[in-house]
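Q: Structure: model.pdb, PDB, C-alpha atoms.
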ATOM      1  CA  MET A   1     134.341 102.415 146.414
ATOM      2  CA  SER A   2     137.704 100.728 146.892
ATOM      3  CA  TRP A   3     140.539 101.966 144.671
ATOM      4  CA  PHE A   4     140.995  98.363 143.448
ATOM      5  CA  TRP A   5     137.564  98.202 141.807
ATOM      6  CA  ILE A   6     138.203 101.548 140.126
ATOM      7  CA  ALA A   7     141.656 100.475 138.922
ATOM      8  CA  ILE A   8     140.397  97.157 137.555
ATOM      9  CA  ILE A   9     138.118  99.060 135.135
ATOM     10  CA  ALA A  10     141.224 100.020 133.111
ATOM     11  CA  PRO A  11     142.490  96.539 132.138
ATOM     12  CA  LEU A  12     138.900  95.397 131.506
ATOM     13  CA  CYS A  13     138.281  98.272 129.077
ATOM     14  CA  TRP A  14     141.616  97.718 127.358
ATOM     15  CA  ALA A  15     140.994  93.963 127.053
ATOM     16  CA  VAL A  16     137.725  94.701 125.233
ATOM     17  CA  VAL A  17     139.580  97.185 122.998
ATOM     18  CA  ASN A  18     142.146  94.499 122.117
ATOM     19  CA  HIS A  19     139.372  92.236 120.828
ATOM     20  CA  ILE A  20     137.761  95.136 118.964
ATOM     21  CA  ASP A  21     141.097  95.743 117.213
ATOM     22  CA  LYS A  22     141.313  92.070 116.270
ATOM     23  CA  TYR A  23     137.717  92.149 114.999
ATOM     24  CA  LEU A  24     138.442  95.166 112.790
ATOM     25  CA  LEU A  25     141.605  93.562 111.397
ATOM     26  CA  GLU A  26     139.893  90.262 110.569
ATOM     27  CA  LYS A  27     136.448  91.429 109.459
ATOM     28  CA  HIS A  28     137.044  94.842 107.875
ATOM     29  CA  PHE A  29     140.773  95.142 107.128
ATOM     30  CA  ARG A  30     141.706  91.582 106.199
ATOM     31  CA  ASN A  31     142.777  92.633 102.696
ATOM     32  CA  HIS A  32     144.273  95.954 103.768
ATOM     33  CA  GLY A  33     147.564  96.935 105.318
ATOM     34  CA  VAL A  34     147.767  97.636 109.034
ATOM     35  CA  GLY A  35     148.434 101.278 108.164
ATOM     36  CA  THR A  36     144.776 101.663 107.177
ATOM     37  CA  LEU A  37     143.543 100.876 110.697
ATOM     38  CA  VAL A  38     146.367 102.949 112.204
ATOM     39  CA  LEU A  39     145.063 105.889 110.166
ATOM     40  CA  PHE A  40     141.591 105.515 111.675
ATOM     41  CA  SER A  41     143.072 105.320 115.186
ATOM     42  CA  SER A  42     145.559 108.167 114.829
ATOM     43  CA  LEU A  43     143.244 110.553 112.998
ATOM     44  CA  PHE A  44     140.701 110.025 115.782
ATOM     45  CA  GLY A  45     142.902 112.564 117.538
ATOM     46  CA  PHE A  46     140.952 115.197 115.581
ATOM     47  CA  VAL A  47     137.954 114.228 117.737
ATOM     48  CA  MET A  48     139.924 114.339 121.004
ATOM     49  CA  LEU A  49     141.465 117.774 120.384
ATOM     50  CA  PRO A  50     138.240 119.846 120.730
ATOM     51  CA  ILE A  51     137.172 117.689 123.698
ATOM     52  CA  ALA A  52     140.445 118.290 125.552
ATOM     53  CA  TYR A  53     140.413 121.983 124.645
ATOM     54  CA  GLY A  54     136.789 122.373 125.719
ATOM     55  CA  ILE A  55     137.509 120.838 129.130
ATOM     56  CA  GLU A  56     140.825 122.675 129.603
ATOM     57  CA  PRO A  57     141.094 125.767 127.311
ATOM     58  CA  ALA A  58     144.461 126.630 128.888
ATOM     59  CA  SER A  59     145.916 123.418 127.441
ATOM     60  CA  ILE A  60     146.861 125.291 124.258
ATOM     61  CA  ASN A  61     149.171 127.521 126.314
ATOM     62  CA  ALA A  62     151.482 124.717 127.461
ATOM     63  CA  HIS A  63     155.203 125.400 127.780
ATOM     64  CA  PRO A  64     156.746 125.071 124.261
ATOM     65  CA  TRP A  65     159.263 122.407 125.275
ATOM     66  CA  GLY A  66     156.624 120.498 127.212
ATOM     67  CA  ALA A  67     154.243 120.643 124.251
ATOM     68  CA  LEU A  68     157.002 119.481 121.879
ATOM     69  CA  LEU A  69     157.879 116.577 124.168
ATOM     70  CA  LEU A  70     154.220 115.537 124.386
ATOM     71  CA  MET A  71     153.918 115.631 120.578
ATOM     72  CA  VAL A  72     156.965 113.350 120.375
ATOM     73  CA  VAL A  73     155.237 111.056 122.883
ATOM     74  CA  GLY A  74     152.167 111.027 120.619
ATOM     75  CA  ILE A  75     154.267 110.077 117.576
ATOM     76  CA  ILE A  76     155.961 107.314 119.586
ATOM     77  CA  SER A  77     152.548 105.988 120.640
ATOM     78  CA  GLY A  78     151.536 105.911 116.950
ATOM     79  CA  LEU A  79     154.596 103.795 116.136
ATOM     80  CA  ALA A  80     153.807 101.504 119.084
ATOM     81  CA  ILE A  81     150.217 101.080 117.850
ATOM     82  CA  TYR A  82     151.508 100.235 114.359
ATOM     83  CA  CYS A  83     153.753  97.437 115.691
ATOM     84  CA  TYR A  84     150.999  96.148 118.009
ATOM     85  CA  LEU A  85     148.414  95.950 115.215
ATOM     86  CA  SER A  86     150.972  94.310 112.908
ATOM     87  CA  ALA A  87     151.471  91.578 115.519
ATOM     88  CA  LEU A  88     147.721  91.265 116.109
ATOM     89  CA  LYS A  89     147.165  90.719 112.396
ATOM     90  CA  VAL A  90     149.271  87.532 112.399
ATOM     91  CA  ALA A  91     148.587  86.069 115.861
ATOM     92  CA  GLU A  92     145.767  85.486 118.355
ATOM     93  CA  THR A  93     144.830  88.258 120.770
ATOM     94  CA  SER A  94     145.537  86.075 123.810
ATOM     95  CA  ILE A  95     149.079  85.441 122.522
ATOM     96  CA  VAL A  96     149.881  89.027 121.562
ATOM     97  CA  ILE A  97     148.625  90.973 124.589
ATOM     98  CA  PRO A  98     150.565  89.145 127.366
ATOM     99  CA  ILE A  99     153.831  90.267 125.748
ATOM    100  CA  PHE A 100     152.871  93.790 126.809
ATOM    101  CA  GLN A 101     153.984  92.642 130.265
ATOM    102  CA  THR A 102     157.514  93.431 129.081
ATOM    103  CA  ILE A 103     156.672  97.167 129.069
ATOM    104  CA  PRO A 104     157.806  97.661 132.705
ATOM    105  CA  ILE A 105     161.210  96.190 131.806
ATOM    106  CA  PHE A 106     161.745  98.760 129.080
ATOM    107  CA  GLY A 107     160.231 101.397 131.352
ATOM    108  CA  PHE A 108     162.868 100.709 134.009
ATOM    109  CA  VAL A 109     165.631 100.819 131.389
ATOM    110  CA  PHE A 110     164.485 104.168 129.970
ATOM    111  CA  ALA A 111     163.863 105.513 133.476
ATOM    112  CA  TYR A 112     167.501 104.698 134.242
ATOM    113  CA  ILE A 113     168.661 106.493 131.083
ATOM    114  CA  PHE A 114     166.457 109.604 131.313
ATOM    115  CA  LEU A 115     165.580 109.858 135.015
ATOM    116  CA  GLY A 116     168.544 108.232 136.719
ATOM    117  CA  GLU A 117     166.354 105.584 138.390
ATOM    118  CA  LEU A 118     168.372 102.478 139.289
ATOM    119  CA  LEU A 119     167.543  98.796 138.771
ATOM    120  CA  THR A 120     168.022  96.356 141.635
ATOM    121  CA  TYR A 121     169.184  92.766 141.176
ATOM    122  CA  SER A 122     165.691  91.493 142.052
ATOM    123  CA  GLN A 123     164.193  93.705 139.327
ATOM    124  CA  ILE A 124     166.704  92.337 136.810
ATOM    125  CA  TYR A 125     165.796  88.751 137.774
ATOM    126  CA  ALA A 126     162.084  89.622 137.551
ATOM    127  CA  GLY A 127     162.648  91.111 134.100
ATOM    128  CA  LEU A 128     164.315  87.905 132.928
ATOM    129  CA  LEU A 129     161.325  85.922 134.244
ATOM    130  CA  ILE A 130     158.925  88.139 132.274
ATOM    131  CA  ILE A 131     160.991  87.675 129.115
ATOM    132  CA  PHE A 132     160.954  83.909 129.709
ATOM    133  CA  GLY A 133     157.149  84.031 129.919
ATOM    134  CA  ALA A 134     157.044  86.013 126.662
ATOM    135  CA  LEU A 135     159.156  83.341 124.983
ATOM    136  CA  ILE A 136     156.788  80.629 126.275
ATOM    137  CA  ILE A 137     153.698  82.308 124.848
ATOM    138  CA  SER A 138     155.430  82.907 121.502
ATOM    139  CA  LEU A 139     155.668  79.136 120.997
ATOM    140  CA  GLU A 140     152.759  77.932 118.869
ATOM    141  CA  ILE A 141     151.343  74.476 119.553
ATOM    142  CA  GLU A 142     150.212  72.977 116.265
ATOM    143  CA  GLU A 143     147.495  70.361 115.814
ATOM    144  CA  GLU A 144     150.018  67.549 115.437
ATOM    145  CA  LYS A 145     151.427  68.566 118.841
ATOM    146  CA  ARG A 146     154.526  70.104 117.321
ATOM    147  CA  ILE A 147     155.839  73.313 118.835
ATOM    148  CA  ARG A 148     157.326  76.094 116.739
ATOM    149  CA  PRO A 149     158.224  79.661 117.671
ATOM    150  CA  LYS A 150     156.217  82.569 116.287
ATOM    151  CA  LEU A 151     159.082  85.037 116.101
ATOM    152  CA  LYS A 152     157.402  87.741 114.016
ATOM    153  CA  PRO A 153     154.639  88.661 116.508
ATOM    154  CA  LEU A 154     157.122  88.300 119.392
ATOM    155  CA  LEU A 155     159.574  90.725 117.775
ATOM    156  CA  LEU A 156     156.829  93.194 116.811
ATOM    157  CA  MET A 157     155.392  93.153 120.332
ATOM    158  CA  LEU A 158     158.813  93.615 121.937
ATOM    159  CA  ILE A 159     159.357  96.672 119.720
ATOM    160  CA  SER A 160     155.873  97.943 120.611
ATOM    161  CA  SER A 161     156.529  97.365 124.322
ATOM    162  CA  ALA A 162     159.867  99.188 124.094
ATOM    163  CA  LEU A 163     158.140 102.144 122.423
ATOM    164  CA  TYR A 164     155.434 102.184 125.104
ATOM    165  CA  GLY A 165     158.143 102.027 127.787
ATOM    166  CA  LEU A 166     159.793 105.076 126.202
ATOM    167  CA  HIS A 167     156.355 106.690 125.833
ATOM    168  CA  GLU A 168     155.603 106.330 129.561
ATOM    169  CA  THR A 169     159.037 107.611 130.597
ATOM    170  CA  LEU A 170     158.826 110.725 128.430
ATOM    171  CA  PHE A 171     155.227 111.257 129.534
ATOM    172  CA  LYS A 172     156.431 111.238 133.144
ATOM    173  CA  LEU A 173     159.054 113.847 132.264
ATOM    174  CA  SER A 174     156.422 116.168 130.765
ATOM    175  CA  ALA A 175     153.671 115.445 133.310
ATOM    176  CA  LEU A 176     155.563 117.343 135.992
ATOM    177  CA  GLU A 177     154.442 120.651 134.469
ATOM    178  CA  ASN A 178     151.254 119.717 132.583
ATOM    179  CA  ASN A 179     147.854 118.516 133.810
ATOM    180  CA  PHE A 180     146.002 115.536 132.363
ATOM    181  CA  TRP A 181     143.937 117.333 129.688
ATOM    182  CA  THR A 182     146.868 119.487 128.565
ATOM    183  CA  SER A 183     148.854 116.287 128.118
ATOM    184  CA  VAL A 184     145.956 114.680 126.223
ATOM    185  CA  PHE A 185     145.692 117.716 123.921
ATOM    186  CA  TRP A 186     149.352 117.859 122.837
ATOM    187  CA  LEU A 187     149.818 114.089 122.793
ATOM    188  CA  ASN A 188     146.923 113.797 120.348
ATOM    189  CA  ILE A 189     148.463 116.483 118.142
ATOM    190  CA  GLY A 190     151.523 114.230 117.894
ATOM    191  CA  LEU A 191     149.294 111.236 117.113
ATOM    192  CA  VAL A 192     147.517 113.218 114.371
ATOM    193  CA  ILE A 193     150.884 114.235 112.901
ATOM    194  CA  PHE A 194     151.836 110.547 112.749
ATOM    195  CA  GLY A 195     148.552 109.736 111.016
ATOM    196  CA  LEU A 196     148.981 112.542 108.489
ATOM    197  CA  PHE A 197     152.518 111.310 107.766
ATOM    198  CA  ILE A 198     151.166 107.849 106.885
ATOM    199  CA  PHE A 199     148.327 109.413 104.876
ATOM    200  CA  TRP A 200     150.669 111.462 102.665
ATOM    201  CA  THR A 201     153.567 109.018 102.337
ATOM    202  CA  ARG A 202     151.830 105.637 101.944
ATOM    203  CA  LYS A 203     149.548 105.734  98.901
ATOM    204  CA  SER A 204     148.235 102.176  99.353
ATOM    205  CA  ASP A 205     147.132 102.890 102.941
ATOM    206  CA  ARG A 206     145.659 106.252 101.922
ATOM    207  CA  ASP A 207     143.620 104.744  99.071
ATOM    208  CA  SER A 208     142.495 101.856 101.277
ATOM    209  CA  PHE A 209     141.498 104.291 104.026
ATOM    210  CA  ILE A 210     139.389 106.372 101.632
ATOM    211  CA  ARG A 211     137.718 103.297 100.033
ATOM    212  CA  THR A 212     136.908 101.734 103.392
ATOM    213  CA  PHE A 213     135.541 104.978 104.815
ATOM    214  CA  ARG A 214     133.313 105.520 101.772
ATOM    215  CA  ALA A 215     132.064 101.918 101.757
ATOM    216  CA  GLN A 216     131.078 101.590 105.437
ATOM    217  CA  PRO A 217     131.628 104.846 107.327
ATOM    218  CA  GLY A 218     129.003 104.108 109.982
ATOM    219  CA  VAL A 219     130.497 100.791 111.083
ATOM    220  CA  ILE A 220     134.127 101.921 111.001
ATOM    221  CA  VAL A 221     133.556 105.246 112.729
ATOM    222  CA  GLY A 222     131.144 103.732 115.270
ATOM    223  CA  VAL A 223     133.466 100.888 116.261
ATOM    224  CA  ASN A 224     136.457 103.250 116.448
ATOM    225  CA  ILE A 225     134.510 105.670 118.653
ATOM    226  CA  LEU A 226     133.597 102.744 120.926
ATOM    227  CA  SER A 227     137.232 101.622 121.019
ATOM    228  CA  GLU A 228     138.650 105.074 121.731
ATOM    229  CA  GLY A 229     135.908 105.765 124.275
ATOM    230  CA  LEU A 230     136.747 102.594 126.200
ATOM    231  CA  THR A 231     140.442 103.472 126.018
ATOM    232  CA  MET A 232     139.743 106.906 127.522
ATOM    233  CA  ILE A 233     137.524 105.418 130.257
ATOM    234  CA  GLY A 234     140.358 103.024 131.112
ATOM    235  CA  ASN A 235     142.884 105.881 131.225
ATOM    236  CA  LEU A 236     140.644 108.002 133.462
ATOM    237  CA  ALA A 237     140.013 105.071 135.828
ATOM    238  CA  LEU A 238     143.757 104.438 136.034
ATOM    239  CA  PHE A 239     144.618 108.059 136.834
ATOM    240  CA  TYR A 240     141.786 108.375 139.381
ATOM    241  CA  ALA A 241     142.835 105.161 141.143
ATOM    242  CA  MET A 242     146.380 106.546 141.385
ATOM    243  CA  LEU A 243     144.964 109.432 143.436
ATOM    244  CA  LEU A 244     143.556 106.948 145.957
ATOM    245  CA  ALA A 245     146.390 104.409 146.248
ATOM    246  CA  PRO A 246     150.159 104.050 145.695
ATOM    247  CA  VAL A 247     151.097 104.153 142.000
ATOM    248  CA  ALA A 248     152.963 100.821 142.153
ATOM    249  CA  MET A 249     149.899  99.067 143.644
ATOM    250  CA  VAL A 250     147.619 100.478 140.920
ATOM    251  CA  GLN A 251     150.083  99.486 138.200
ATOM    252  CA  LEU A 252     149.995  95.887 139.418
ATOM    253  CA  THR A 253     146.263  95.678 138.599
ATOM    254  CA  MET A 254     147.133  96.342 134.946
ATOM    255  CA  ASN A 255     148.569  92.852 134.823
ATOM    256  CA  PHE A 256     145.082  91.373 134.930
ATOM    257  CA  GLN A 257     144.649  92.482 131.296
ATOM    258  CA  PRO A 258     146.127  89.314 129.666
ATOM    259  CA  LEU A 259     143.874  87.122 131.819
ATOM    260  CA  MET A 260     140.836  89.235 130.905
ATOM    261  CA  VAL A 261     141.799  89.041 127.215
ATOM    262  CA  LEU A 262     141.979  85.258 127.484
ATOM    263  CA  VAL A 263     138.621  84.965 129.315
ATOM    264  CA  ILE A 264     136.864  87.293 126.854
ATOM    265  CA  GLY A 265     138.435  85.378 123.946
ATOM    266  CA  VAL A 266     137.136  82.061 125.308
ATOM    267  CA  LEU A 267     133.626  83.501 125.822
ATOM    268  CA  LEU A 268     133.555  84.989 122.311
ATOM    269  CA  THR A 269     134.736  81.700 120.798
ATOM    270  CA  ILE A 270     131.965  79.780 122.581
ATOM    271  CA  PHE A 271     129.057  82.215 122.240
ATOM    272  CA  LEU A 272     129.976  84.624 119.378
ATOM    273  CA  PRO A 273     132.410  82.780 117.090
ATOM    274  CA  HIS A 274     131.457  85.030 114.155
ATOM    275  CA  ILE A 275     133.117  87.927 116.026
ATOM    276  CA  ALA A 276     136.277  86.262 117.336
ATOM    277  CA  THR A 277     137.815  82.822 117.742
ATOM    278  CA  GLU A 278     140.675  81.576 119.884
ATOM    279  CA  LYS A 279     142.292  78.165 120.178
ATOM    280  CA  ILE A 280     140.698  76.863 123.375
ATOM    281  CA  THR A 281     141.682  73.213 123.588
ATOM    282  CA  LYS A 282     143.033  72.119 126.982
ATOM    283  CA  ARG A 283     146.535  72.061 125.514
ATOM    284  CA  HIS A 284     146.324  75.616 124.180
ATOM    285  CA  LEU A 285     144.687  77.017 127.337
ATOM    286  CA  LEU A 286     147.340  75.385 129.551
ATOM    287  CA  HIS A 287     150.069  76.850 127.347
ATOM    288  CA  LYS A 288     148.643  80.378 127.524
ATOM    289  CA  ALA A 289     147.816  80.193 131.228
ATOM    290  CA  THR A 290     151.337  78.992 132.079
ATOM    291  CA  ALA A 291     152.946  81.836 130.133
ATOM    292  CA  ILE A 292     150.597  84.461 131.606
ATOM    293  CA  ALA A 293     151.182  83.177 135.154
ATOM    294  CA  THR A 294     154.967  83.216 134.642
ATOM    295  CA  MET A 295     154.904  86.800 133.400
ATOM    296  CA  LEU A 296     152.503  87.892 136.175
ATOM    297  CA  ILE A 297     154.852  86.502 138.836
ATOM    298  CA  GLY A 298     157.716  88.377 137.181
ATOM    299  CA  VAL A 299     155.782  91.652 137.176
ATOM    300  CA  ILE A 300     154.804  91.266 140.849
ATOM    301  CA  LEU A 301     158.491  90.675 141.728
ATOM    302  CA  LEU A 302     159.436  93.660 139.578
ATOM    303  CA  TYR A 303     157.447  96.051 141.755
ATOM    304  CA  ASN A 304     158.556  94.545 145.084
TER     305      ASN A 304
END
Would you encode the structure as structure tokens?
A:
Amino acid sequence: MSWFWIAIIAPLCWAVVNHIDKYLLEKHFRNHGVGTLVLFSSLFGFVMLPIAYGIEPASINAHPWGALLLMVVGIISGLAIYCYLSALKVAETSIVIPIFQTIPIFGFVFAYIFLGELLTYSQIYAGLLIIFGALIISLEIEEEKRIRPKLKPLLLMLISSALYGLHETLFKLSALENNFWTSVFWLNIGLVIFGLFIFWTRKSDRDSFIRTFRAQPGVIVGVNILSEGLTMIGNLALFYAMLLAPVAMVQLTMNFQPLMVLVIGVLLTIFLPHIATEKITKRHLLHKATAIATMLIGVILLYN
């Protein structure tokens, strides 16, 4: 099987996860704070810990500094998830997810700071093009054909992207001496720590978490297991594809995710509107497609 078809599994899985997150926010957490859903996601690390340990028992014996760094990475990923879900709560999935294309920009910046990797002029120009695309998609077209910026989701997603850029850079630093399952083990400890921090410090989220879990544990746990399972399948496909092809080429396939999110959103709106709805008029689709194409061109230039 070609590495491309393996790599493309990752953005497809993650696109489905994005719509699952939106479904949970709208159907089960509409009257709750985002922290409630973050708790379910972060505390899922309790499930991943025995799995990672069972596959790689030596993971618990990681170098102390490497383990500490991975826990920090896990906490950073929890913060990134919080900002992402906060943006998803107030905007459509197909508007929020393309802004993740700014992650490579922040990744290059942090790689320069922590790893000494340099930016070329072409990468700087490509980064500006990606930011321009993010600004395009943050403009909401209203029914009366007026255009107004949606600054809150844009700002939240830029913060989330910056955190993910830092997350990937620090992960690269620690990955030099840890294998995949060791990294998964200690990263999830950090994610659990983040979840426990929210649980003990935010009473409203804690009470909401307990009420929701008691009211419909089967649905919430089942959907979260599906979401986390798809996320892990995507991660494994990504890492396996990187063994078969250059990393930069594999990373480029990740940029199909916004397009997949848009296509899935259109299909759900047409066939399963009770699960998810997107604005799919010609005007809205042209707006989203233009922004996604602009950012995709920027990302391709970024890796050339």
Q: Could you list, as a compact mmCIF listing (two decimals) with C-alpha atoms, keeping the file's coordinate frame, every residue within 9 Å of stretch 229-235 of chain A, counting all atoms listed in the file and ignoring same-chain residues fewer than 6 positions away?
A:
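Writing done, so here's result-v1.txt:
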# COMPACT_ATOMS: atom_id res chain seq x y z
CA ALA A 7 141.66 100.48 138.92
CA ILE A 8 140.40 97.16 137.56
CA ILE A 9 138.12 99.06 135.14
CA ALA A 10 141.22 100.02 133.11
CA PRO A 11 142.49 96.54 132.14
CA LEU A 12 138.90 95.40 131.51
CA CYS A 13 138.28 98.27 129.08
CA TRP A 14 141.62 97.72 127.36
CA VAL A 16 137.72 94.70 125.23
CA VAL A 17 139.58 97.18 123.00
Q: Can you tell me how far atom CA of A:Ile210 sits from atom CA of A:Ile275, in Å to one decimal?
A: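 Distance between the two atoms: 24.2 Å.
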Q: What residues come out when you apply the PyMOL selection byres ((chain A and resi 44) around 12) to this file, written as an NGL selection string?
A: :A and (37-43 or 45-51 or 78 or 188-196 or 220-229)
Q: Can you work out the spacing between atom CA of A:Leu244 and atom CA of A:Phe106 in Å, to one decimal?
A: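 Calculated distance between atom CA of A:Leu244 and atom CA of A:Phe106 is 26.1 Å.
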Q: Kindly resolve the PyMOL selection byres ((chain A and resi 294) around 9) on the present coordinates and return the residues as a list in words.
A: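 Evaluating the PyMOL selection byres ((chain A and resi 294) around 9) on these coordinates yields Leu129, Ile130, Phe132, Gly133, Ala134, Ile136, Ala289, Thr290, Ala291, Ile292, Ala293, Met295, Leu296, Ile297, Gly298 and Val299 of chain A.
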Q: Could you state the separation of atom CA of A:Ile198 and atom CA of A:Ile76 in Å, given to one decimal place?
A: 13.6 Å
Q: Determine, counting all atoms listed in the file, which protein, DNA and RNA residues have an atom within 10 Å of an atom of A:Val73; residues of the same chain fewer than 6 positions away are not included. Present the result as a ChimeraX atom specification.
A: /A:67,79,163-164,166-171,174,183,186-191
Q: Show which residues sit within 10 Å of A:Lys89, as an MDAnalysis selection string. Count all atoms listed in the file, and ignore same-chain residues fewer than 6 positions away.
A: chainID A and resid 21:26 29:30 33:34 83 96 153
Q: From the set A:Ala62, A:Ile105, A:Leu151, A:Ala237, which residue has the shortest atom-to-atom contact distance to A:Leu301, counting only C-alpha atoms?
A: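 Using only C-alpha atoms, A:Leu301 sits closest to A:Ile105.
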Q: Given the choices A:Ala162, A:Leu173, A:Ile81, A:Val219, which gets closest to A:Pro104 if the distance is worked out from only C-alpha atoms?
A: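 Closest to A:Pro104, using only C-alpha atoms: A:Ala162.
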Q: Per residue of stretch 190-263 of chain A within 12 Å of stretch 268-273 of chain A, note the shortest atom pair and the distance in Å to one decimal, counting only C-alpha atoms, and order the rows by chain and increasing residue number, as JSON lines.
A:
{"residue": "A:Val261", "atom": "CA", "partner": "A:Leu268", "partner_atom": "CA", "distance": 10.4}
{"residue": "A:Leu262", "atom": "CA", "partner": "A:Leu268", "partner_atom": "CA", "distance": 9.9}
{"residue": "A:Val263", "atom": "CA", "partner": "A:Leu268", "partner_atom": "CA", "distance": 8.6}
Q: Would you put the residues from that selection into a file with C-alpha atoms, as a CSV table (one decimal), in the coordinates of the input?
A:
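And here is the file that came out, again19.csv:
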chain,number,residue,atom,x,y,z
A,261,VAL,CA,141.8,89.0,127.2
A,262,LEU,CA,142.0,85.3,127.5
A,263,VAL,CA,138.6,85.0,129.3
Q: Hey, could you pull the box centre and edge lengths for stretch 124-133 of chain A, axis-aligned, 8 Å padding per side, all listed atoms, to one decimal in Å, as JSON?
A:
{"center_x": 161.9, "center_y": 88.1, "center_z": 133.4, "size_x": 25.6, "size_y": 24.4, "size_z": 24.7}
Q: Tell me which of A:Ser59, A:Gly165, A:Ser138, A:Trp65 sits closest to A:Ile113, counting only C-alpha atoms.
A: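 Looking at the shortest contact to A:Ile113, the residue is A:Gly165.
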Q: Convert the output of the PyMOL selection byres ((chain A and resi 100) around 9) on the shown file into explicit residues, formatted as number ranges by chain.
A: A: 96-99, 101-104, 134, 157-158, 160-161, 164, 258
Q: Between A:Ala241, A:Glu92, A:Gly54, A:Ile131, which is the closest to A:Ile280 once you count only C-alpha atoms?
A: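 Nearest to A:Ile280: A:Glu92.
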Q: Which is closest to A:His274 among A:Met71, A:Ile300, A:Lys27, A:His32, if we use only C-alpha atoms?
A: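 Closest to A:His274, using only C-alpha atoms: A:Lys27.
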